[in-house]
file start33.cif (mmCIF, C-alpha atoms)
data_target
loop_
_atom_site.label_atom_id
_atom_site.label_comp_id
_atom_site.auth_asym_id
_atom_site.auth_seq_id
_atom_site.Cartn_x
_atom_site.Cartn_y
_atom_site.Cartn_z
CA MET D 1 29.19 -10.98 6.07
CA LYS D 2 32.53 -9.99 7.58
CA GLN D 3 31.13 -6.57 8.43
CA HIS D 4 28.19 -8.19 10.23
CA LYS D 5 30.52 -10.33 12.31
CA LYS D 6 32.65 -7.30 13.16
CA GLY D 7 29.55 -5.33 14.21
CA LEU D 8 28.33 -8.20 16.38
CA ALA D 9 31.69 -8.52 18.08
CA LEU D 10 31.78 -4.78 18.78
CA TRP D 11 28.28 -4.86 20.23
CA LEU D 12 29.11 -7.79 22.56
CA ALA D 13 32.37 -6.13 23.61
CA ALA D 14 30.53 -2.90 24.45
CA ILE D 15 27.99 -4.80 26.57
CA LEU D 16 30.72 -6.68 28.46
CA LEU D 17 32.69 -3.48 29.00
CA LEU D 18 29.66 -1.67 30.41
CA LEU D 19 28.81 -4.64 32.65
CA ALA D 20 32.35 -4.80 34.01
CA GLY D 21 32.33 -1.04 34.58
CA ALA D 22 29.05 -1.19 36.43
CA LEU D 23 30.21 -4.04 38.66
CA LEU D 24 33.62 -2.54 39.39
CA THR D 25 32.44 0.97 40.22
CA GLY D 26 29.73 -0.35 42.60
CA SER D 27 26.94 1.75 44.11
CA PRO D 28 27.81 5.10 45.73
CA GLY D 29 26.79 3.80 49.13
CA ARG D 30 23.45 3.21 50.73
CA THR D 31 21.61 6.14 52.18
CA GLU D 32 19.08 3.80 53.75
CA SER D 33 18.69 0.11 54.49
CA VAL D 34 16.35 -2.11 52.45
CA GLN D 35 14.01 -2.24 55.44
CA ALA D 36 13.89 1.54 55.62
CA ALA D 37 13.35 1.79 51.85
CA MET D 38 10.49 -0.71 51.99
CA ARG D 39 8.94 0.96 55.04
CA ASP D 40 9.12 4.33 53.33
CA ALA D 41 7.60 2.89 50.16
CA VAL D 42 4.59 1.84 52.24
CA LEU D 43 4.26 4.78 54.62
CA HIS D 44 5.95 7.67 52.77
CA ASP D 45 6.88 9.19 56.11
CA VAL D 46 10.56 9.90 55.56
CA ASN D 47 11.07 10.92 51.95
CA ARG D 48 8.49 13.67 51.74
CA ILE D 49 8.37 16.50 49.24
CA GLY D 50 7.47 20.12 49.87
CA LEU D 51 4.32 21.35 48.11
CA PHE D 52 4.87 25.00 47.19
CA GLY D 53 5.62 25.82 50.81
CA LEU D 54 2.20 24.60 51.94
CA GLY D 55 3.65 21.64 53.77
CA ASP D 56 5.31 18.30 53.23
CA VAL D 57 3.39 15.76 51.20
CA SER D 58 4.07 12.23 50.11
CA PRO D 59 5.68 11.84 46.66
CA GLY D 60 2.52 10.02 45.50
CA LEU D 61 0.60 13.31 45.57
CA ILE D 62 3.24 14.99 43.42
CA SER D 63 3.00 12.03 41.03
CA ALA D 64 -0.78 12.46 40.97
CA PHE D 65 -0.43 16.15 40.05
CA VAL D 66 2.15 15.33 37.38
CA VAL D 67 -0.09 12.62 35.89
CA THR D 68 -3.09 14.98 35.88
CA ALA D 69 -1.05 17.76 34.30
CA PHE D 70 0.29 15.36 31.67
CA LEU D 71 -3.19 14.03 30.88
CA LEU D 72 -4.71 17.51 30.66
CA ILE D 73 -1.92 18.80 28.41
CA LEU D 74 -2.33 15.70 26.23
CA ALA D 75 -6.09 16.26 26.15
CA VAL D 76 -5.63 19.92 25.16
CA CYS D 77 -3.25 18.92 22.35
CA LEU D 78 -5.62 16.23 21.12
CA ARG D 79 -8.58 18.62 21.34
CA LEU D 80 -6.77 21.33 19.37
CA PHE D 81 -4.84 19.35 16.79
CA VAL D 82 -6.43 15.92 16.39
CA ILE D 83 -10.17 16.03 17.12
CA PRO D 84 -10.97 18.82 14.60
CA LYS D 85 -9.44 16.64 11.88
CA PHE D 86 -11.58 13.60 12.66
CA GLN D 87 -12.89 11.80 9.58
CA TYR D 88 -15.85 9.48 9.16
CA VAL D 89 -13.36 6.82 8.10
CA PRO D 90 -10.92 6.96 11.02
CA GLY D 91 -7.13 6.85 10.97
CA LYS D 92 -5.01 5.03 13.53
CA LEU D 93 -4.88 7.78 16.18
CA GLN D 94 -8.57 8.56 15.77
CA LEU D 95 -9.38 4.88 16.10
CA LEU D 96 -7.33 4.71 19.30
CA LEU D 97 -9.12 7.74 20.79
CA GLU D 98 -12.55 6.46 19.76
CA GLU D 99 -11.79 3.05 21.21
CA TRP D 100 -10.47 4.65 24.41
CA VAL D 101 -13.68 6.66 24.89
CA GLY D 102 -15.96 3.98 23.46
CA LEU D 103 -14.60 1.28 25.78
CA PHE D 104 -15.74 3.12 28.91
CA ASP D 105 -18.92 4.37 27.29
CA ARG D 106 -19.90 0.82 26.32
CA MET D 107 -19.01 -0.41 29.81
CA ALA D 108 -21.26 2.27 31.34
CA ARG D 109 -24.12 1.47 28.96
CA GLY D 110 -23.78 -2.24 29.55
CA SER D 111 -23.63 -2.06 33.35
CA SER D 112 -26.21 0.67 33.83
CA PRO D 113 -28.46 0.93 30.76
CA HIS D 114 -31.04 3.11 32.54
CA ARG D 115 -28.56 5.82 33.74
CA HIS D 116 -25.11 5.98 32.22
CA SER D 117 -24.20 9.44 30.93
CA PHE D 118 -22.19 10.62 33.97
CA LEU D 119 -21.07 7.12 34.84
CA GLY D 120 -19.29 6.95 31.47
CA VAL D 121 -17.42 10.18 32.19
CA TYR D 122 -16.41 9.06 35.68
CA ILE D 123 -15.10 5.63 34.75
CA PHE D 124 -13.37 7.11 31.68
CA SER D 125 -11.55 9.56 33.92
CA ALA D 126 -10.82 7.08 36.72
CA GLY D 127 -9.71 4.38 34.29
CA THR D 128 -7.41 6.75 32.43
CA TYR D 129 -5.97 7.99 35.73
CA ILE D 130 -5.28 4.50 37.04
CA PHE D 131 -3.79 3.26 33.75
CA VAL D 132 -1.53 6.25 33.11
CA GLY D 133 -0.74 6.64 36.82
CA THR D 134 0.42 3.04 37.04
CA LEU D 135 2.56 3.31 33.91
CA PHE D 136 3.96 6.57 35.29
CA GLU D 137 6.38 4.70 37.54
CA LEU D 138 8.12 3.36 34.44
CA LEU D 139 9.30 6.86 33.58
CA GLY D 140 11.39 7.06 36.75
CA LEU D 141 10.94 10.83 37.13
CA GLN D 142 12.95 12.26 39.96
CA GLY D 143 11.81 14.46 42.84
CA ILE D 144 13.81 16.14 45.61
CA THR D 145 12.81 15.34 49.18
CA VAL D 146 12.70 17.91 51.95
CA HIS D 147 16.03 16.45 53.12
CA GLY D 148 17.56 17.19 49.71
CA HIS D 149 17.76 13.56 48.53
CA PRO D 150 16.60 12.68 45.01
CA ILE D 151 13.89 10.02 44.90
CA THR D 152 12.05 8.35 42.05
CA LEU D 153 8.43 9.46 41.95
CA PRO D 154 6.22 6.41 42.55
CA ALA D 155 2.88 5.56 40.97
CA PRO D 156 0.23 7.86 42.52
CA LEU D 157 -1.91 4.97 43.71
CA SER D 158 0.95 3.33 45.60
CA ASP D 159 0.28 6.10 48.14
CA VAL D 160 -2.41 4.92 50.53
CA ASN D 161 -3.99 8.38 50.56
CA ALA D 162 -4.44 8.33 46.76
CA ALA D 163 -5.94 4.83 46.89
CA ILE D 164 -8.30 5.83 49.70
CA ALA D 165 -9.24 8.99 47.80
CA LEU D 166 -10.09 7.06 44.65
CA GLY D 167 -11.88 4.26 46.52
CA THR D 168 -14.00 6.62 48.62
CA LEU D 169 -14.69 8.93 45.68
CA SER D 170 -15.94 5.95 43.68
CA TYR D 171 -18.13 4.92 46.62
CA LEU D 172 -19.51 8.47 46.98
CA PHE D 173 -20.16 8.51 43.26
CA ILE D 174 -22.07 5.23 43.52
CA LEU D 175 -23.99 6.62 46.51
CA ALA D 176 -24.89 9.77 44.56
CA GLY D 177 -26.04 7.64 41.61
CA GLY D 178 -28.19 5.56 43.97
CA ILE D 179 -29.82 8.62 45.53
CA VAL D 180 -30.44 10.39 42.19
CA GLY D 181 -31.66 7.31 40.40
CA ASN D 182 -33.48 5.49 43.15
CA GLY D 183 -33.96 7.87 46.09
CA ALA D 184 -33.86 6.49 49.63
CA ARG D 185 -33.91 2.92 48.35
CA GLY D 186 -30.75 3.60 46.33
CA MET D 187 -29.08 5.18 49.33
CA GLY D 188 -30.00 2.18 51.47
CA LYS D 189 -28.67 -0.22 48.85
CA THR D 190 -25.37 1.67 48.68
CA LEU D 191 -24.97 1.98 52.46
CA LYS D 192 -25.57 -1.74 52.74
CA GLU D 193 -22.30 -2.18 50.84
CA PHE D 194 -20.39 -0.33 53.55
CA SER D 195 -17.25 -2.38 53.00
CA LEU D 196 -17.01 -1.25 49.39
CA PRO D 197 -14.87 1.88 49.91
CA LEU D 198 -12.46 -0.10 52.08
CA SER D 199 -12.19 -2.97 49.61
CA MET D 200 -11.83 -0.64 46.62
CA SER D 201 -9.19 1.50 48.33
CA PHE D 202 -7.08 -1.30 49.70
CA ARG D 203 -7.38 -3.42 46.59
CA LEU D 204 -5.85 -0.58 44.60
CA PHE D 205 -3.30 0.20 47.30
CA GLY D 206 -2.30 -3.43 47.76
CA ALA D 207 -1.96 -4.12 44.06
CA LEU D 208 0.06 -1.02 43.32
CA LEU D 209 2.13 -1.32 46.49
CA SER D 210 3.09 -4.91 45.80
CA GLY D 211 4.37 -3.86 42.37
CA LEU D 212 6.25 -0.99 43.92
CA LEU D 213 7.83 -3.16 46.61
CA VAL D 214 8.99 -5.76 44.13
CA THR D 215 10.45 -3.06 41.91
CA GLU D 216 12.14 -1.38 44.91
CA LEU D 217 13.60 -4.70 45.95
CA VAL D 218 14.88 -5.46 42.47
CA TYR D 219 16.52 -2.07 42.06
CA TYR D 220 17.94 -2.11 45.58
CA PHE D 221 20.39 -4.86 44.70
CA VAL D 222 22.75 -4.25 41.78
CA SER D 223 23.00 -7.95 41.02
CA LEU D 224 19.26 -8.07 40.29
CA SER D 225 19.37 -5.03 38.02
CA PHE D 226 20.24 -6.90 34.83
CA VAL D 227 17.52 -8.25 32.49
CA LEU D 228 15.09 -8.81 35.40
CA PRO D 229 13.78 -5.20 35.43
CA VAL D 230 12.58 -5.62 31.85
CA VAL D 231 10.14 -8.27 33.05
CA VAL D 232 9.40 -6.83 36.49
CA GLY D 233 9.41 -3.18 35.54
CA VAL D 234 7.68 -3.21 32.18
CA LEU D 235 5.55 -6.30 31.75
CA PHE D 236 4.28 -6.53 35.32
CA THR D 237 3.54 -2.80 35.44
CA LEU D 238 1.67 -2.97 32.16
CA LEU D 239 -0.32 -5.95 33.36
CA HIS D 240 -1.01 -4.19 36.67
CA ALA D 241 -2.21 -1.08 34.87
CA LEU D 242 -4.63 -3.04 32.71
CA ILE D 243 -5.99 -5.21 35.52
CA GLN D 244 -6.47 -2.43 38.06
CA THR D 245 -8.10 -0.17 35.49
CA TYR D 246 -10.51 -2.89 34.51
CA VAL D 247 -11.28 -3.96 38.09
CA LEU D 248 -12.06 -0.53 39.53
CA THR D 249 -14.05 0.75 36.55
CA MET D 250 -15.99 -2.50 36.24
CA LEU D 251 -16.82 -2.57 39.96
CA THR D 252 -17.88 1.08 39.96
CA ALA D 253 -20.06 0.64 36.87
CA MET D 254 -21.60 -2.57 38.19
CA TYR D 255 -22.48 -1.19 41.64
CA TYR D 256 -23.69 2.09 40.11
CA GLY D 257 -26.02 0.23 37.78
CA GLU D 258 -27.26 -1.96 40.62
CA VAL D 259 -28.10 0.80 43.11
CA SER D 260 -29.53 3.28 40.60
CA GLU D 261 -31.89 0.82 38.91
CA ARG D 262 -35.53 1.34 39.85
CA PRO D 263 -37.33 -1.79 41.08
CA HIS D 264 -39.55 -3.44 38.47
CA LYS D 265 -43.22 -3.49 39.35
CA ALA D 266 -44.64 -6.96 39.13
CA MET J 1 -3.09 8.11 61.82
CA PRO J 2 -2.12 4.51 61.02
CA LEU J 3 -0.48 3.89 57.65
CA ASN J 4 0.21 7.62 57.48
CA ILE J 5 -3.31 8.36 56.29
CA ASP J 6 -3.67 12.10 55.92
CA LEU J 7 -7.08 13.75 55.41
CA GLN J 8 -5.54 16.82 53.81
CA GLN J 9 -3.83 14.71 51.20
CA ILE J 10 -7.01 12.74 50.56
CA LEU J 11 -8.82 16.03 49.94
CA LEU J 12 -6.00 17.14 47.62
CA HIS J 13 -6.32 13.86 45.73
CA TRP J 14 -10.08 14.42 45.44
CA MET J 15 -9.47 17.90 44.09
CA ASN J 16 -6.94 16.46 41.65
CA LEU J 17 -9.44 13.82 40.48
CA ALA J 18 -12.22 16.40 40.15
CA ILE J 19 -9.98 18.61 37.98
CA LEU J 20 -8.96 15.61 35.90
CA THR J 21 -12.54 14.39 35.47
CA GLY J 22 -13.82 17.83 34.43
CA GLY J 23 -10.87 18.48 32.14
CA LEU J 24 -11.04 15.09 30.42
CA TYR J 25 -14.81 15.42 30.04
CA PHE J 26 -14.68 18.79 28.29
CA LEU J 27 -11.48 18.25 26.33
CA LEU J 28 -11.72 14.62 25.28
CA TYR J 29 -14.75 12.59 26.28
CA GLN J 30 -17.49 14.96 25.14
CA PRO J 31 -15.96 15.97 21.74
CA VAL J 32 -15.02 12.41 20.81
CA LYS J 33 -18.41 11.07 21.89
CA LYS J 34 -20.20 13.88 20.07
CA PHE J 35 -18.26 13.09 16.90
CA MET J 36 -19.05 9.38 17.24
CA GLU J 37 -22.75 10.17 17.72
CA GLU J 38 -22.71 12.51 14.73
CA ARG J 39 -21.13 9.82 12.60
CA GLU J 40 -23.61 7.27 13.87
CA GLU J 41 -26.44 9.67 13.06
CA HIS J 42 -24.94 10.30 9.61
CA TYR J 43 -24.74 6.60 8.81
CA ARG J 44 -28.19 6.02 10.32
CA SER J 45 -29.65 8.74 8.10
CA LEU J 46 -27.82 7.23 5.10
CA ASP J 47 -29.23 3.86 6.05
CA GLU J 48 -32.74 5.26 6.41
CA GLU J 49 -32.35 7.13 3.11
CA ALA J 50 -31.22 3.95 1.41
CA ALA J 51 -34.12 2.04 2.97
CA ALA J 52 -36.57 4.73 1.82
CA LYS J 53 -35.11 4.66 -1.69
CA LEU J 54 -35.29 0.89 -1.67
CA ALA J 55 -38.92 1.03 -0.59
CA GLN J 56 -39.63 3.61 -3.27
CA ALA J 57 -37.89 1.49 -5.89
CA GLU J 58 -39.87 -1.50 -4.69
CA GLN J 59 -43.08 0.49 -5.02
CA VAL J 60 -42.15 1.64 -8.53
CA ARG J 61 -41.28 -1.94 -9.42
CA ALA J 62 -44.63 -3.09 -8.09
CA GLU J 63 -46.38 -0.35 -10.07
CA TYR J 64 -44.55 -1.35 -13.23
CA GLN J 65 -45.27 -4.97 -12.53
CA ALA J 66 -48.95 -4.09 -12.16
CA LYS J 67 -48.77 -2.09 -15.37
CA LEU J 68 -47.01 -4.96 -17.07
CA ASP J 69 -49.67 -7.36 -15.84
CA GLY J 70 -52.32 -4.89 -17.10
CA ALA J 71 -50.50 -4.65 -20.42
CA ASP J 72 -50.47 -8.43 -20.73
CA GLU J 73 -54.19 -8.46 -20.09
CA GLU J 74 -54.68 -5.63 -22.58
CA ILE J 75 -52.59 -7.49 -25.13
CA ARG J 76 -54.60 -10.64 -24.52
CA GLN J 77 -57.87 -8.72 -24.92
CA ALA J 78 -56.59 -6.90 -28.02
CA ARG J 79 -55.44 -10.18 -29.48
CA ALA J 80 -58.80 -11.77 -28.77
CA LYS J 81 -60.53 -8.75 -30.23
CA ALA J 82 -58.29 -8.83 -33.32
CA GLN J 83 -58.90 -12.54 -33.72
CA GLN J 84 -62.61 -11.98 -33.38
CA SER J 85 -62.47 -9.12 -35.84
CA ALA J 86 -60.39 -11.18 -38.28
CA GLN J 87 -62.82 -14.06 -37.93
CA GLN J 88 -65.72 -11.69 -38.54
CA SER J 89 -64.10 -10.15 -41.60
CA ALA J 90 -63.11 -13.59 -42.89
CA GLN J 91 -66.66 -14.74 -42.32
CA ALA J 92 -67.94 -11.63 -44.08
CA LEU J 93 -65.56 -12.25 -46.97
CA LEU J 94 -66.64 -15.88 -47.03
CA ASP J 95 -70.30 -14.88 -47.00
CA GLN J 96 -69.61 -12.32 -49.66
CA ALA J 97 -67.73 -14.86 -51.73
CA GLN J 98 -70.50 -17.39 -51.25
CA ALA J 99 -73.05 -14.78 -52.22
CA GLN J 100 -70.99 -13.85 -55.26
CA ALA J 101 -70.57 -17.50 -56.09
CA LYS J 102 -74.30 -18.04 -55.75
CA GLN J 103 -74.88 -14.97 -57.85
CA ILE J 104 -72.38 -16.20 -60.46
CA VAL J 105 -73.96 -19.63 -60.43
CA ALA J 106 -77.40 -18.04 -60.71
CA HIS J 107 -76.18 -15.88 -63.56
CA ALA J 108 -74.55 -18.82 -65.20
CA ARG J 109 -77.69 -20.87 -64.80
CA ALA J 110 -79.76 -18.01 -66.15
CA ASP J 111 -77.35 -17.59 -69.06
CA ALA J 112 -77.32 -21.31 -69.67
CA GLU J 113 -81.10 -21.38 -69.52
CA HIS J 114 -81.24 -18.47 -71.81
CA SER J 115 -78.77 -20.05 -74.19
CA ARG J 116 -80.61 -23.33 -74.02
CA GLU J 117 -83.88 -21.57 -74.76
CA GLN J 118 -82.27 -19.64 -77.57
CA VAL J 119 -80.68 -22.81 -78.94
CA LEU J 120 -84.03 -24.53 -78.57
CA LYS J 121 -85.79 -21.68 -80.25
CA GLU J 122 -83.18 -21.59 -82.93
CA SER J 123 -83.36 -25.27 -83.50
CA GLN J 124 -87.14 -25.16 -83.52
CA ARG J 125 -86.96 -22.31 -85.93
CA GLU J 126 -84.44 -24.25 -87.99
CA LEU J 127 -86.63 -27.28 -87.81
CA ARG J 128 -89.58 -25.23 -88.84
CA ARG J 129 -87.55 -23.72 -91.65
CA LEU J 130 -86.31 -27.13 -92.70
CA ALA J 131 -89.80 -28.54 -92.46
CA THR J 132 -91.12 -25.66 -94.50
CA ALA J 133 -88.36 -26.09 -97.05
CA ALA J 134 -88.93 -29.81 -97.17
CA THR J 135 -92.65 -29.30 -97.48
CA LYS J 136 -92.05 -26.81 -100.22
CA LYS J 137 -89.77 -29.16 -102.01
CA LEU J 138 -92.10 -31.96 -101.61
CA ALA J 139 -94.90 -29.93 -102.81
CA PHE J 140 -93.24 -28.29 -105.77
CA GLN J 141 -90.63 -30.86 -106.97
CA ALA J 142 -91.36 -33.88 -109.21
CA ASP J 143 -90.03 -37.12 -108.18
CA PRO J 144 -88.30 -37.37 -104.95
CA PHE J 145 -86.27 -40.22 -106.19
CA ASP J 146 -84.89 -38.15 -109.00
CA GLN J 147 -84.32 -35.40 -106.69
CA PHE J 148 -82.48 -37.71 -104.50
CA LEU J 149 -80.35 -38.85 -107.31
CA ASP J 150 -79.66 -35.34 -108.35
CA LEU J 151 -78.60 -34.53 -104.91
CA ALA J 152 -76.47 -37.60 -104.80
CA GLU J 153 -74.79 -36.70 -108.04
CA GLY J 154 -74.29 -33.19 -106.92
CA GLY J 155 -72.58 -34.64 -103.89
CA ASP J 156 -70.24 -36.76 -106.04
CA LYS J 157 -69.32 -33.76 -108.10
CA HIS J 158 -68.60 -31.90 -105.06
CA GLU J 159 -66.34 -34.73 -103.77
CA ASP J 160 -64.57 -35.06 -107.14
CA SER J 161 -63.92 -31.37 -107.38
#

call {"tool": "encode", "arguments": {"input": "start33.cif", "output": "structure tokens"}}
result
Amino acid sequence: MKQHKKGLALWLAAILLLLAGALLTGSPGRTESVQAAMRDAVLHDVNRIGLFGLGDVSPGLISAFVVTAFLLILAVCLRLFVIPKFQYVPGKLQLLLEEWVGLFDRMARGSSPHRHSFLGVYIFSAGTYIFVGTLFELLGLQGITVHGHPITLPAPLSDVNAAIALGTLSYLFILAGGIVGNGARGMGKTLKEFSLPLSMSFRLFGALLSGLLVTELVYYFVSLSFVLPVVVGVLFTLLHALIQTYVLTMLTAMYYGEVSERPHKA
Amino acid sequence: MPLNIDLQQILLHWMNLAILTGGLYFLLYQPVKKFMEEREEHYRSLDEEAAAKLAQAEQVRAEYQAKLDGADEEIRQARAKAQQSAQQSAQALLDQAQAQAKQIVAHARADAEHSREQVLKESQRELRRLATAATKKLAFQADPFDQFLDLAEGGDKHEDS
């Protein structure tokens, strides 16, 4: 009992010591104002990163490459070491993988029962990318800008170019499904929804950007950096990841099923 | 471009997504889905096999039930036949016994008749003999009264002795 009390006292003392140290040392000085930080978080026009000498790109693109590389390496590891050991009665990891694949497969079948094989693959890939890409900002990986400053790599979809790319790609995918499944009628149905790429892109961008801005704001001020980041950084990001994954994949599957369905003859 | 939209970066993002989609399809989606389909097929085949076995068992049960019903009918027929046969043999035995009884009665009657006739004949013969003897006595003996007395005396002697 005495030992427990002593341990508790030591733990509290260590926390107080670290807090005092953090407050007394202060930040090393601002390299940019909060306005500039927020503006750069939206536009990515100052803190750019060089891409193998091909030019300067926004950090979101580097994040996208890192996320893709991580997912592909993970997929290779799972393919080599986990999938060959699959059993008819699944273990925990197998169950997770099956549920991960099955979730998008079921969504594709449910939204587009007549044509769903490629739809399942696309929403699986897009959903995984959005979910992992959104959680990526929690890692706080660092990149070096062309000016030599270290910056934290943001979520890929907080870059407007990434959001536009995913939104327009989803729209083109829906358009292709409409043409293949329903010919000119499908194309007409898809083109009728001309606002879809814009809404998809900016929904993603807005959602991810808002999270990024709040996180930037919280971390900009030292006084807000205690306890609050646990809620803002982890819970909100997790919630974001789930919601955005669900929204984009569900919308894509729903529109795909709608435009590729052949009209029923009366 | 407003909002720093860059076509080159959009194309790079598309390329990135295409690589990711292809890679995830070949490395993860297809193998996992194939395994799930294989397992589904395995359990479906097991289910069909079980259903076929159940149907077969049901058929065998029906066959045995039919056989059992047939056996019941056979047993009923055999029982009826056995009862009929037993009745016939009992009837035959009864007839035989009645015939024997009639025969015995007939024999007995014949024997009795015969005995009666013999007794009758014997008694007639005895009567004839007695009549002859009496006639002879009457004819050849003196006084019947004396004779009677003699006989009576002879009887007393016999009683005394």

call {"tool": "closest_atom_pairs", "arguments": {"input": "start33.cif", "of": "chain D", "to": "chain J", "cutoff": "8 Å", "atoms": "all atoms listed in the file", "output": "CSV"}}
result
residue,atom,partner,partner_atom,distance
D:Val42,CA,J:Leu3,CA,7.7
D:Leu43,CA,J:Leu3,CA,5.7
D:His44,CA,J:Asn4,CA,7.4
D:Asp45,CA,J:Asn4,CA,7.0
D:Val57,CA,J:Gln9,CA,7.3
D:Leu61,CA,J:His13,CA,6.9
D:Ala64,CA,J:Asn16,CA,7.4
D:Phe65,CA,J:Asn16,CA,6.7
D:Thr68,CA,J:Leu20,CA,5.9
D:Leu71,CA,J:Leu20,CA,7.8
D:Leu72,CA,J:Gly23,CA,6.4
D:Ala75,CA,J:Leu27,CA,5.7
D:Val76,CA,J:Leu27,CA,6.2
D:Leu78,CA,J:Leu28,CA,7.6
D:Arg79,CA,J:Leu27,CA,5.8
D:Ile83,CA,J:Val32,CA,7.1
D:Phe86,CA,J:Phe35,CA,7.9
D:Tyr88,CA,J:Arg39,CA,6.3
D:Leu97,CA,J:Val32,CA,7.5
D:Glu98,CA,J:Val32,CA,6.5
D:Val101,CA,J:Tyr29,CA,6.2
D:Gly102,CA,J:Lys33,CA,7.7
D:Val121,CA,J:Tyr25,CA,6.2
D:Tyr122,CA,J:Thr21,CA,6.6
D:Phe124,CA,J:Tyr29,CA,7.8
D:Ser125,CA,J:Thr21,CA,5.2
D:Ala126,CA,J:Thr21,CA,7.6
D:Val160,CA,J:Ile5,CA,6.8
D:Asn161,CA,J:Ile10,CA,5.3
D:Ala162,CA,J:His13,CA,5.9
D:Ile164,CA,J:Ile10,CA,7.1
D:Ala165,CA,J:Ile10,CA,5.2
D:Leu166,CA,J:Trp14,CA,7.4
D:Leu169,CA,J:Trp14,CA,7.2

call {"tool": "residues_around", "arguments": {"input": "start33.cif", "residues": "segment 201-208 of chain D", "least_positions_apart": "6", "cutoff": "12 Å", "atoms": "only C-alpha atoms", "output": "VMD selection string"}}
result
(chain D and resid 41 to 43 60 130 to 131 133 to 137 154 to 171 195 214 to 215 236 to 249 251) or (chain J and resid 3 10)

call {"tool": "closest_residue", "arguments": {"input": "start33.cif", "among": "D:Thr25, D:Thr190, D:Gln142, D:Gln35", "to": "Glu261 of chain D", "atoms": "only C-alpha atoms"}}
result
D:Thr190

call {"tool": "axis_aligned_box", "arguments": {"input": "start33.cif", "around": "segment 242-250 of chain D", "padding_each_side": "4 Å", "output": "AutoDock Vina command-line options"}}
result
--center_x -10.3 --center_y -2.2 --center_z 36.1 --size_x 19.4 --size_y 14.0 --size_z 14.8

call {"tool": "atom_distance", "arguments": {"input": "start33.cif", "atom1": "atom CA of Tyr219 of chain D", "atom2": "atom CA of Ala13 of chain D"}}
result
24.7 Å

call {"tool": "atom_distance", "arguments": {"input": "start33.cif", "atom1": "atom CA of Gly140 of chain D", "atom2": "atom CA of Leu153 of chain D"}}
result
6.4 Å

call {"tool": "resolve_selection", "arguments": {"input": "start33.cif", "expression": "the PyMOL selection byres ((chain D and resi 221-225) around 12)", "output": "number ranges by chain"}}
result
D: 19, 22-30, 33-34, 214-220, 226-233

call {"tool": "resolve_selection", "arguments": {"input": "start33.cif", "expression": "the PyMOL selection byres ((chain D and resi 115) around 9)", "output": "PyMOL selection string"}}
result
chain D and resi 108-109+112-114+116-119+177+181+256-257+260-261

call {"tool": "atom_distance", "arguments": {"input": "start33.cif", "atom1": "atom CA of Leu191 of chain D", "atom2": "atom CA of Thr128 of chain D"}}
result
27.1 Å

call {"tool": "closest_residue", "arguments": {"input": "start33.cif", "among": "D:Met38, D:Ala9, D:Val82, D:Leu96", "to": "Leu209 of chain D", "atoms": "all atoms listed in the file"}}
result
D:Met38
